[in-house]
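Participant: Have a look at this one before I ask anything.
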Amino acid sequence: MKKSGNISRLFDDIASRYDFLNHVLSMNIDTIWRRRLVDISRVSEGEVVLDVCTGTSDIEICFAKRSCAEKIFGIDFSRAMLEVGAKKIEERGYAERIKNSMGDALSLPFGNGSFDVVTIGFGLRNLTDYSMGISEMVRVLKGGGRLLLLEFAPPKIKIINVFYRFYLKRILPIIGGILTGKRSAYEYLSDSISGFLEPGEVMRIMEAEGLKKLESFALMGGMAYIYFGEK
Ligand SMILES: C[S@@+](CC[C@H](N)C(=O)[O-])C[C@H]1O[C@@H](n2cnc3c(N)ncnc32)[C@H](O)[C@@H]1O
């Protein structure tokens, strides 16, 4: 059973190595996926974005670089992840446009209808209640606003799925353990990826939360998806 306190501690523990490992393990493909998310959001002049579970701020920085978003807000419950992000935001000169705060995705500290675009990347699978997480994100969206979710999915082709599960279960925790000294954190991350929902189930929750114009974009043959919906 997932517990919020354990998850925030886990991310605090791996924060200093998170970016390095992410980029190494994905061969930088995660960067391409974040860019795609920003492009699909079609942010226009003056719009305001919220990135939930922002971690080390890669999605926010990508919005600052590639879009004309006026302000980008981020929220995460791991102080250490936010601190790594804060350094990157400062170094790249985006401190005026990006504002982060510590908080829980399941109880967002923002009023109803505050944002034009809400995103979450590789965060949804960590939430203790996926529906509640999506419902909160929909609540803070303006009418007509766009929600975008980026998350891993189980590969559809059986043989690839078998290798993928082997990699997640046996290889990833070993590499993660060697490079960070936190093998149990990478065991959790592996389990959270293999235990996450099928794309159809994610779309059903989005529909149940009242989102319209639903679309899903398969990445790398379905290893991950970007889900899109309008309020
Ligand atoms: C795998 S990281 C993803 C970070 C970032 N979005 C990215 O694209 O790399 C997941 C993040 O979600 C945060 N998180 C998990 N559950 C949360 C919750 N209930 N409220 C706020 N943040 C949460 C963790 O602290 C962590 O920073």
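Every chain in the structure tokens has a letter given in the order shown (A, B, ...), and although residue numbers restart at 1 in each chain, ligands are simply numbered from 1 in the order shown.
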I'd like to know which residues of segment 2-227 of chain A are strand (DSSP E or B) (by DSSP, run on the backbone); could you write them as a VMD selection string?

Facilitator: chain A and resid 48 to 52 71 to 76 98 to 102 115 to 121 141 to 152 212 to 219 224 to 227

Participant: Save the residues we just selected, C-alpha atoms, as a PDB file, in the first residue's frame?

Facilitator:
ATOM      1  CA  VAL A  48      -0.979  30.379 -16.947  1.00  0.00           C
ATOM      2  CA  VAL A  49       0.254  26.828 -16.411  1.00  0.00           C
ATOM      3  CA  LEU A  50       0.379  24.554 -13.353  1.00  0.00           C
ATOM      4  CA  ASP A  51       2.731  21.552 -13.291  1.00  0.00           C
ATOM      5  CA  VAL A  52       1.716  19.084 -10.568  1.00  0.00           C
ATOM      6  CA  LYS A  71       3.531  32.217 -15.543  1.00  0.00           C
ATOM      7  CA  ILE A  72       4.296  28.621 -14.683  1.00  0.00           C
ATOM      8  CA  PHE A  73       3.413  27.340 -11.226  1.00  0.00           C
ATOM      9  CA  GLY A  74       4.710  24.078  -9.830  1.00  0.00           C
ATOM     10  CA  ILE A  75       3.832  22.001  -6.825  1.00  0.00           C
ATOM     11  CA  ASP A  76       5.501  18.993  -5.214  1.00  0.00           C
ATOM     12  CA  ILE A  98       8.357  29.977 -12.647  1.00  0.00           C
ATOM     13  CA  LYS A  99       7.001  29.863  -9.095  1.00  0.00           C
ATOM     14  CA  ASN A 100       7.092  26.676  -7.026  1.00  0.00           C
ATOM     15  CA  SER A 101       5.513  25.691  -3.753  1.00  0.00           C
ATOM     16  CA  MET A 102       5.428  22.654  -1.527  1.00  0.00           C
ATOM     17  CA  PHE A 115      -5.178  27.740 -14.688  1.00  0.00           C
ATOM     18  CA  ASP A 116      -5.365  27.517 -18.492  1.00  0.00           C
ATOM     19  CA  VAL A 117      -3.212  24.381 -18.604  1.00  0.00           C
ATOM     20  CA  VAL A 118      -2.456  21.765 -15.935  1.00  0.00           C
ATOM     21  CA  THR A 119       0.188  19.074 -16.465  1.00  0.00           C
ATOM     22  CA  ILE A 120       1.607  16.143 -14.554  1.00  0.00           C
ATOM     23  CA  GLY A 121       4.597  14.121 -15.782  1.00  0.00           C
ATOM     24  CA  LEU A 141      -8.544  24.287 -14.485  1.00  0.00           C
ATOM     25  CA  LYS A 142     -10.538  27.111 -16.065  1.00  0.00           C
ATOM     26  CA  GLY A 143     -13.513  26.112 -18.235  1.00  0.00           C
ATOM     27  CA  GLY A 144     -12.013  25.210 -21.634  1.00  0.00           C
ATOM     28  CA  GLY A 145      -8.603  24.655 -19.982  1.00  0.00           C
ATOM     29  CA  ARG A 146      -6.429  21.670 -20.955  1.00  0.00           C
ATOM     30  CA  LEU A 147      -5.178  18.813 -18.796  1.00  0.00           C
ATOM     31  CA  LEU A 148      -2.156  16.816 -19.962  1.00  0.00           C
ATOM     32  CA  LEU A 149      -0.876  13.678 -18.261  1.00  0.00           C
ATOM     33  CA  LEU A 150       2.451  12.041 -19.188  1.00  0.00           C
ATOM     34  CA  GLU A 151       2.930   8.551 -17.802  1.00  0.00           C
ATOM     35  CA  PHE A 152       4.447   5.142 -18.557  1.00  0.00           C
ATOM     36  CA  LYS A 212     -13.970  16.352 -23.150  1.00  0.00           C
ATOM     37  CA  LYS A 213     -12.098  16.064 -26.470  1.00  0.00           C
ATOM     38  CA  LEU A 214     -10.031  13.230 -25.005  1.00  0.00           C
ATOM     39  CA  GLU A 215      -6.969  12.136 -26.952  1.00  0.00           C
ATOM     40  CA  SER A 216      -4.001   9.917 -26.202  1.00  0.00           C
ATOM     41  CA  PHE A 217      -0.602  10.021 -27.873  1.00  0.00           C
ATOM     42  CA  ALA A 218       1.531   6.873 -27.744  1.00  0.00           C
ATOM     43  CA  LEU A 219       5.253   7.503 -27.245  1.00  0.00           C
ATOM     44  CA  ALA A 224       4.477   5.945 -22.374  1.00  0.00           C
ATOM     45  CA  TYR A 225       1.459   8.075 -23.244  1.00  0.00           C
ATOM     46  CA  ILE A 226       0.455  11.689 -23.192  1.00  0.00           C
ATOM     47  CA  TYR A 227      -3.243  11.986 -22.333  1.00  0.00           C
TER      48      TYR A 227
END

Participant: How would you write, as a PDB file with N, CA and C atoms, in the first residue's frame, the set of residues no farther than 8 Å from ligand 1 when counting only C-alpha atoms and all ligand atoms?

Facilitator:
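Now in out.pdb:
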ATOM      1  N   SER A   4       1.761   8.443   1.409  1.00  0.00           N
ATOM      2  CA  SER A   4       2.328   9.715   0.967  1.00  0.00           C
ATOM      3  C   SER A   4       3.648  10.047   1.642  1.00  0.00           C
ATOM      4  N   ILE A   7       6.525   8.157   0.290  1.00  0.00           N
ATOM      5  CA  ILE A   7       6.872   8.549  -1.087  1.00  0.00           C
ATOM      6  C   ILE A   7       7.651   9.864  -1.082  1.00  0.00           C
ATOM      7  N   SER A   8       7.223  10.834  -0.267  1.00  0.00           N
ATOM      8  CA  SER A   8       7.957  12.113  -0.267  1.00  0.00           C
ATOM      9  C   SER A   8       9.366  11.907   0.287  1.00  0.00           C
ATOM     10  N   LEU A  10      11.124   9.180   0.039  1.00  0.00           N
ATOM     11  CA  LEU A  10      11.869   8.468  -1.013  1.00  0.00           C
ATOM     12  C   LEU A  10      12.418   9.466  -2.045  1.00  0.00           C
ATOM     13  N   PHE A  11      11.577  10.413  -2.472  1.00  0.00           N
ATOM     14  CA  PHE A  11      12.059  11.381  -3.457  1.00  0.00           C
ATOM     15  C   PHE A  11      13.072  12.345  -2.835  1.00  0.00           C
ATOM     16  N   ASP A  12      12.897  12.674  -1.544  1.00  0.00           N
ATOM     17  CA  ASP A  12      13.922  13.483  -0.859  1.00  0.00           C
ATOM     18  C   ASP A  12      15.269  12.762  -0.929  1.00  0.00           C
ATOM     19  N   ALA A  15      16.763  12.797  -4.623  1.00  0.00           N
ATOM     20  CA  ALA A  15      16.660  14.057  -5.380  1.00  0.00           C
ATOM     21  C   ALA A  15      17.975  14.474  -6.049  1.00  0.00           C
ATOM     22  N   ASP A  19      17.914  13.632 -11.654  1.00  0.00           N
ATOM     23  CA  ASP A  19      18.032  14.078 -13.053  1.00  0.00           C
ATOM     24  C   ASP A  19      19.039  13.221 -13.811  1.00  0.00           C
ATOM     25  N   ASN A  22      17.659   9.728 -14.436  1.00  0.00           N
ATOM     26  CA  ASN A  22      16.546   9.807 -15.382  1.00  0.00           C
ATOM     27  C   ASN A  22      17.057   9.864 -16.810  1.00  0.00           C
ATOM     28  N   ASP A  30      13.279  10.936 -22.173  1.00  0.00           N
ATOM     29  CA  ASP A  30      12.325  11.657 -21.311  1.00  0.00           C
ATOM     30  C   ASP A  30      12.260  13.134 -21.688  1.00  0.00           C
ATOM     31  N   ARG A  34       8.899  15.272 -22.746  1.00  0.00           N
ATOM     32  CA  ARG A  34       8.431  16.508 -22.083  1.00  0.00           C
ATOM     33  C   ARG A  34       8.199  17.610 -23.126  1.00  0.00           C
ATOM     34  N   ASP A  51       2.152  22.890 -13.148  1.00  0.00           N
ATOM     35  CA  ASP A  51       2.731  21.552 -13.291  1.00  0.00           C
ATOM     36  C   ASP A  51       2.707  20.875 -11.923  1.00  0.00           C
ATOM     37  N   VAL A  52       1.898  19.812 -11.835  1.00  0.00           N
ATOM     38  CA  VAL A  52       1.716  19.084 -10.568  1.00  0.00           C
ATOM     39  C   VAL A  52       2.796  17.997 -10.483  1.00  0.00           C
ATOM     40  N   CYS A  53       3.282  17.722  -9.260  1.00  0.00           N
ATOM     41  CA  CYS A  53       4.394  16.764  -9.063  1.00  0.00           C
ATOM     42  C   CYS A  53       5.576  17.196  -9.918  1.00  0.00           C
ATOM     43  N   THR A  54       5.919  18.462  -9.806  1.00  0.00           N
ATOM     44  CA  THR A  54       6.908  19.049 -10.712  1.00  0.00           C
ATOM     45  C   THR A  54       8.326  18.555 -10.474  1.00  0.00           C
ATOM     46  N   GLY A  55       8.597  18.020  -9.292  1.00  0.00           N
ATOM     47  CA  GLY A  55       9.911  17.422  -9.011  1.00  0.00           C
ATOM     48  C   GLY A  55      11.029  18.426  -9.199  1.00  0.00           C
ATOM     49  N   THR A  56      11.962  18.124 -10.095  1.00  0.00           N
ATOM     50  CA  THR A  56      13.123  18.999 -10.317  1.00  0.00           C
ATOM     51  C   THR A  56      12.873  19.996 -11.454  1.00  0.00           C
ATOM     52  N   SER A  57      11.593  20.227 -11.753  1.00  0.00           N
ATOM     53  CA  SER A  57      11.157  21.345 -12.622  1.00  0.00           C
ATOM     54  C   SER A  57      11.456  21.195 -14.112  1.00  0.00           C
ATOM     55  N   ASP A  58      11.739  19.997 -14.598  1.00  0.00           N
ATOM     56  CA  ASP A  58      12.065  19.866 -16.029  1.00  0.00           C
ATOM     57  C   ASP A  58      10.902  20.274 -16.935  1.00  0.00           C
ATOM     58  N   ILE A  59       9.669  19.924 -16.546  1.00  0.00           N
ATOM     59  CA  ILE A  59       8.520  20.286 -17.400  1.00  0.00           C
ATOM     60  C   ILE A  59       8.329  21.804 -17.381  1.00  0.00           C
ATOM     61  N   ILE A  75       4.062  22.459  -8.194  1.00  0.00           N
ATOM     62  CA  ILE A  75       3.832  22.001  -6.825  1.00  0.00           C
ATOM     63  C   ILE A  75       4.365  20.582  -6.671  1.00  0.00           C
ATOM     64  N   ASP A  76       4.955  20.319  -5.514  1.00  0.00           N
ATOM     65  CA  ASP A  76       5.501  18.993  -5.214  1.00  0.00           C
ATOM     66  C   ASP A  76       5.617  18.885  -3.700  1.00  0.00           C
ATOM     67  N   PHE A  77       5.544  17.639  -3.170  1.00  0.00           N
ATOM     68  CA  PHE A  77       5.656  17.533  -1.711  1.00  0.00           C
ATOM     69  C   PHE A  77       7.057  17.126  -1.256  1.00  0.00           C
ATOM     70  N   SER A  78       8.019  17.028  -2.187  1.00  0.00           N
ATOM     71  CA  SER A  78       9.397  16.722  -1.787  1.00  0.00           C
ATOM     72  C   SER A  78      10.223  18.001  -1.816  1.00  0.00           C
ATOM     73  N   ARG A  79      10.652  18.425  -0.618  1.00  0.00           N
ATOM     74  CA  ARG A  79      11.435  19.669  -0.529  1.00  0.00           C
ATOM     75  C   ARG A  79      12.740  19.543  -1.313  1.00  0.00           C
ATOM     76  N   MET A  81      13.510  17.660  -3.922  1.00  0.00           N
ATOM     77  CA  MET A  81      13.318  17.723  -5.388  1.00  0.00           C
ATOM     78  C   MET A  81      13.135  19.187  -5.791  1.00  0.00           C
ATOM     79  N   LEU A  82      12.321  19.941  -5.027  1.00  0.00           N
ATOM     80  CA  LEU A  82      12.078  21.353  -5.356  1.00  0.00           C
ATOM     81  C   LEU A  82      13.367  22.171  -5.264  1.00  0.00           C
ATOM     82  N   MET A 102       5.518  24.021  -2.040  1.00  0.00           N
ATOM     83  CA  MET A 102       5.428  22.654  -1.527  1.00  0.00           C
ATOM     84  C   MET A 102       3.976  22.358  -1.218  1.00  0.00           C
ATOM     85  N   GLY A 103       3.485  21.232  -1.642  1.00  0.00           N
ATOM     86  CA  GLY A 103       2.090  20.901  -1.349  1.00  0.00           C
ATOM     87  C   GLY A 103       1.726  19.551  -1.921  1.00  0.00           C
ATOM     88  N   ASP A 104       0.506  19.131  -1.595  1.00  0.00           N
ATOM     89  CA  ASP A 104       0.028  17.801  -1.961  1.00  0.00           C
ATOM     90  C   ASP A 104      -0.858  17.870  -3.204  1.00  0.00           C
ATOM     91  N   ALA A 105      -0.551  17.002  -4.163  1.00  0.00           N
ATOM     92  CA  ALA A 105      -1.338  16.958  -5.401  1.00  0.00           C
ATOM     93  C   ALA A 105      -2.799  16.578  -5.127  1.00  0.00           C
ATOM     94  N   LEU A 106      -3.035  15.917  -3.996  1.00  0.00           N
ATOM     95  CA  LEU A 106      -4.410  15.473  -3.712  1.00  0.00           C
ATOM     96  C   LEU A 106      -5.225  16.554  -3.005  1.00  0.00           C
ATOM     97  N   ILE A 120       0.938  16.997 -15.548  1.00  0.00           N
ATOM     98  CA  ILE A 120       1.607  16.143 -14.554  1.00  0.00           C
ATOM     99  C   ILE A 120       2.429  15.126 -15.349  1.00  0.00           C
ATOM    100  N   GLY A 121       3.721  15.040 -15.044  1.00  0.00           N
ATOM    101  CA  GLY A 121       4.597  14.121 -15.782  1.00  0.00           C
ATOM    102  C   GLY A 121       5.237  13.122 -14.841  1.00  0.00           C
ATOM    103  N   PHE A 122       4.977  11.853 -15.040  1.00  0.00           N
ATOM    104  CA  PHE A 122       5.532  10.770 -14.230  1.00  0.00           C
ATOM    105  C   PHE A 122       5.200  10.943 -12.750  1.00  0.00           C
ATOM    106  N   GLY A 123       4.081  11.613 -12.488  1.00  0.00           N
ATOM    107  CA  GLY A 123       3.676  11.859 -11.103  1.00  0.00           C
ATOM    108  C   GLY A 123       2.421  11.078 -10.743  1.00  0.00           C
ATOM    109  N   LEU A 124       1.531  10.929 -11.714  1.00  0.00           N
ATOM    110  CA  LEU A 124       0.216  10.343 -11.424  1.00  0.00           C
ATOM    111  C   LEU A 124       0.334   8.963 -10.778  1.00  0.00           C
ATOM    112  N   ASN A 126       2.354   7.858  -8.796  1.00  0.00           N
ATOM    113  CA  ASN A 126       2.777   7.906  -7.389  1.00  0.00           C
ATOM    114  C   ASN A 126       1.653   8.278  -6.442  1.00  0.00           C
ATOM    115  N   LEU A 127       0.540   8.762  -6.989  1.00  0.00           N
ATOM    116  CA  LEU A 127      -0.533   9.241  -6.109  1.00  0.00           C
ATOM    117  C   LEU A 127      -1.266   8.059  -5.483  1.00  0.00           C
ATOM    118  N   THR A 128      -1.723   8.263  -4.249  1.00  0.00           N
ATOM    119  CA  THR A 128      -2.417   7.168  -3.561  1.00  0.00           C
ATOM    120  C   THR A 128      -3.831   6.992  -4.114  1.00  0.00           C
ATOM    121  N   GLY A 133      -6.610  12.618  -7.687  1.00  0.00           N
ATOM    122  CA  GLY A 133      -5.571  13.468  -8.273  1.00  0.00           C
ATOM    123  C   GLY A 133      -6.085  14.165  -9.521  1.00  0.00           C
ATOM    124  N   LEU A 189      10.080   2.504  -7.571  1.00  0.00           N
ATOM    125  CA  LEU A 189       9.793   3.146  -8.871  1.00  0.00           C
ATOM    126  C   LEU A 189       9.437   2.096  -9.922  1.00  0.00           C
TER     127      LEU A 189
END

Participant: Could you pull the residues within 9 Å of segment 173-185 of chain A, counting only C-alpha atoms, minus those fewer than 3 positions along the same chain, as a PyMOL selection string?

Facilitator: chain A and resi 7+10-11+13-14+16-18+21+25+167-170+188-190

Participant: Kindly save the residues from that selection, with N, CA and C atoms included, as an mmCIF file, in the first residue's frame.

Facilitator:
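Result file is out-v9.cif:
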data_model
loop_
_atom_site.group_PDB
_atom_site.id
_atom_site.type_symbol
_atom_site.label_atom_id
_atom_site.label_comp_id
_atom_site.auth_asym_id
_atom_site.auth_seq_id
_atom_site.Cartn_x
_atom_site.Cartn_y
_atom_site.Cartn_z
ATOM 1 N N ILE A 7 6.525 8.157 0.290
ATOM 2 C CA ILE A 7 6.872 8.549 -1.087
ATOM 3 C C ILE A 7 7.651 9.864 -1.082
ATOM 4 N N LEU A 10 11.124 9.180 0.039
ATOM 5 C CA LEU A 10 11.869 8.468 -1.013
ATOM 6 C C LEU A 10 12.418 9.466 -2.045
ATOM 7 N N PHE A 11 11.577 10.413 -2.472
ATOM 8 C CA PHE A 11 12.059 11.381 -3.457
ATOM 9 C C PHE A 11 13.072 12.345 -2.835
ATOM 10 N N ASP A 13 15.242 11.450 -0.724
ATOM 11 C CA ASP A 13 16.480 10.658 -0.686
ATOM 12 C C ASP A 13 17.198 10.602 -2.026
ATOM 13 N N ILE A 14 16.438 10.557 -3.124
ATOM 14 C CA ILE A 14 17.114 10.375 -4.434
ATOM 15 C C ILE A 14 17.232 11.686 -5.224
ATOM 16 N N SER A 16 19.096 14.343 -5.315
ATOM 17 C CA SER A 16 20.353 14.873 -5.861
ATOM 18 C C SER A 16 20.816 14.084 -7.089
ATOM 19 N N ARG A 17 20.371 12.827 -7.242
ATOM 20 C CA ARG A 17 20.798 12.004 -8.385
ATOM 21 C C ARG A 17 19.668 11.802 -9.393
ATOM 22 N N TYR A 18 18.484 12.362 -9.106
ATOM 23 C CA TYR A 18 17.292 12.050 -9.906
ATOM 24 C C TYR A 18 17.476 12.417 -11.391
ATOM 25 N N LEU A 21 20.138 10.175 -13.242
ATOM 26 C CA LEU A 21 19.677 8.811 -13.516
ATOM 27 C C LEU A 21 18.552 8.756 -14.542
ATOM 28 N N LEU A 25 19.103 6.545 -17.724
ATOM 29 C CA LEU A 25 18.274 5.340 -17.897
ATOM 30 C C LEU A 25 17.351 5.446 -19.107
ATOM 31 N N TYR A 167 13.318 -6.092 -17.097
ATOM 32 C CA TYR A 167 14.197 -4.927 -16.905
ATOM 33 C C TYR A 167 13.776 -4.139 -15.654
ATOM 34 N N LEU A 168 12.463 -3.885 -15.549
ATOM 35 C CA LEU A 168 11.978 -3.095 -14.416
ATOM 36 C C LEU A 168 12.236 -3.800 -13.087
ATOM 37 N N LYS A 169 11.969 -5.102 -13.072
ATOM 38 C CA LYS A 169 12.028 -5.855 -11.812
ATOM 39 C C LYS A 169 13.473 -6.158 -11.413
ATOM 40 N N ARG A 170 14.299 -6.555 -12.403
ATOM 41 C CA ARG A 170 15.641 -7.082 -12.065
ATOM 42 C C ARG A 170 16.779 -6.108 -12.342
ATOM 43 N N TYR A 188 10.779 0.548 -5.617
ATOM 44 C CA TYR A 188 9.455 1.202 -5.589
ATOM 45 C C TYR A 188 9.112 1.787 -6.958
ATOM 46 N N LEU A 189 10.080 2.504 -7.571
ATOM 47 C CA LEU A 189 9.793 3.146 -8.871
ATOM 48 C C LEU A 189 9.437 2.096 -9.922
ATOM 49 N N SER A 190 10.154 0.969 -9.914
ATOM 50 C CA SER A 190 9.845 -0.127 -10.847
ATOM 51 C C SER A 190 8.424 -0.638 -10.619
#

Participant: From the set A:Met137, A:Ala95, A:Met220, A:Met206, which residue has the shortest atom-to-atom contact distance to Pro155 of chain A, counting only C-alpha atoms?

Facilitator: A:Met220

Participant: Taking only C-alpha atoms into account, which of A:Pro154, A:Gly111, A:Gly210, A:Gly46 comes nearest Gly222 of chain A?

Facilitator: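 Comparing A:Pro154, A:Gly111, A:Gly210, A:Gly46 against Gly222 of chain A, the winner is A:Pro154.
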
Participant: Grab the atom CA of Glu90 of chain A to atom CA of Ser67 of chain A distance for me, in Å with one decimal place.

Facilitator: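 A separation of 18.2 Å between them.
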
Participant: Hey, what's within 8 Å of Pro199 of chain A if we count only C-alpha atoms and toss same-chain stuff fewer than 2 positions away? As a ChimeraX atom specification, please?

Facilitator: /A:153,197,201-203,216,225

Participant: Set the distance at 7 Å and use only C-alpha atoms: which residues neighbour Glu136 of chain A once local chain neighbours fewer than 2 positions away are removed? I'd like the list as a list in words.

Facilitator: Leu106, Ser107, Leu108, Met132, Gly133, Ile134, Val138, Arg139 and Val140 of chain A

Participant: Using atom CA of Glu47 of chain A and atom CA of Glu70 of chain A as the two end points, give the distance in Å to one decimal.

Facilitator: 5.6 Å

Participant: Quick one: distance from atom CA of Arg9 of chain A to atom CA of Ala80 of chain A in Å, one decimal?

Facilitator: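 If I compute the distance from atom CA of Arg9 of chain A to atom CA of Ala80 of chain A, I get 9.1 Å.
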
Participant: As a VMD selection string, please: every residue in segment 40-187 of chain A that a backbone DSSP assignment puts in helix (DSSP H, G or I).

Facilitator: chain A and resid 40 to 41 58 to 66 79 to 91 124 to 126 130 to 139 158 to 180 183 to 187

Participant: For a quick check of understanding, using only C-alpha atoms, which of A:Arg165, A:Ser26, A:Glu207, A:Val43 has the smallest distance to Ser192 of chain A?

Facilitator: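 Ranking A:Arg165, A:Ser26, A:Glu207, A:Val43 by distance to Ser192 of chain A, first place goes to A:Arg165.
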